[in-house]
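Below: one structure, written as C-alpha cells.
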Amino acid sequence: MHAATRAEGQQRSFHTEDVFIKTGQGHRESRVHTSQSSLPRRLRTLLRSVDGHSPFRVYARTLENYGDVAARFNELRDHGYVQLLETDEAQTQGNRVQRLRKRLALKHAG
C-alpha cells in the first residue's frame with residue numbers, strides 16, 4: 001500500500017507512486033517564453049520537469065527546496081496544467097519503459 005500525500009487545505013490527494021502527465025494546456029504553457037508565462041517561476045519550473053513517467057516521490061525528494069511539492073502539484077492540477085496518469089495507462093507506459101530499457105541493455109551488451 002502506498003502512502004497518501006495530501007496538500008494542506010486540499011480535498012484531493014494522491015499517492016507517492018502516482019505519475020503526473022501534462023495536459024494540452026500544460027504542454028503549451030511549458031513551451032512559452034518565460035516572460036510570457038502566466039505561472040510563477042517555481043510552478044513553471046515544476047511544470048517543465050513533469051516527464052510523464054517519474055512518480056511523485058521523485059519530485060518530492062529532488063524538489064524539496066520548493067516547499068510543499070504536493071501543494072504545488074495540486075495547484076498545477078487544479079489549474080489544468082497536469083493530471084494523474086490513469087493506472088492502466090501508467091502500467092502500460094511502465095511496461096514500455098521496461099521493454100525499452102531491456103532493448104538498450106541488450107544493444108550495449110552486444
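By order in the C-alpha cells, chains are A, B, ...; within a chain, residues start at 1; ligands start at 1, following the order shown.
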- Would you list the contacts of region 17-31 of chain A as JSON, numbers by chain, taking every protein, DNA or RNA residue within 8 Å and counting only C-alpha atoms, but skipping same-chain residues closer than 3 positions in sequence? {"A": [2, 14, 37, 44, 47, 48, 50, 51, 52, 53, 54, 55, 56, 57, 80, 81, 82, 83, 84, 85, 90]}
- Item | Residue nearest Leu76 (chain A) among A:Arg41, A:Leu46, A:His33, A:Ala109 (counting only C-alpha atoms) | A:Leu46
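Take the candidates A:Ser13, A:Leu100, A:Ala60, A:Leu106 and check each one against Asp78 (chain A) using only C-alpha atoms; the shortest distance goes to A:Ser13.
What separates CA of Arg101 (chain A) from CA of Phe73 (chain A) is a distance of 27.9 Å.
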- Message: Quick check, in Å to one decimal: how far apart do CA of Arg42 (chain A) and CA of Glu75 (chain A) lie?
- Response: 11.7 Å
- Query: Could you work out how far CA of Ala70 (chain A) lies from CA of Gln36 (chain A), giving the answer in Å with one decimal?
  - Reply: 25.3 Å
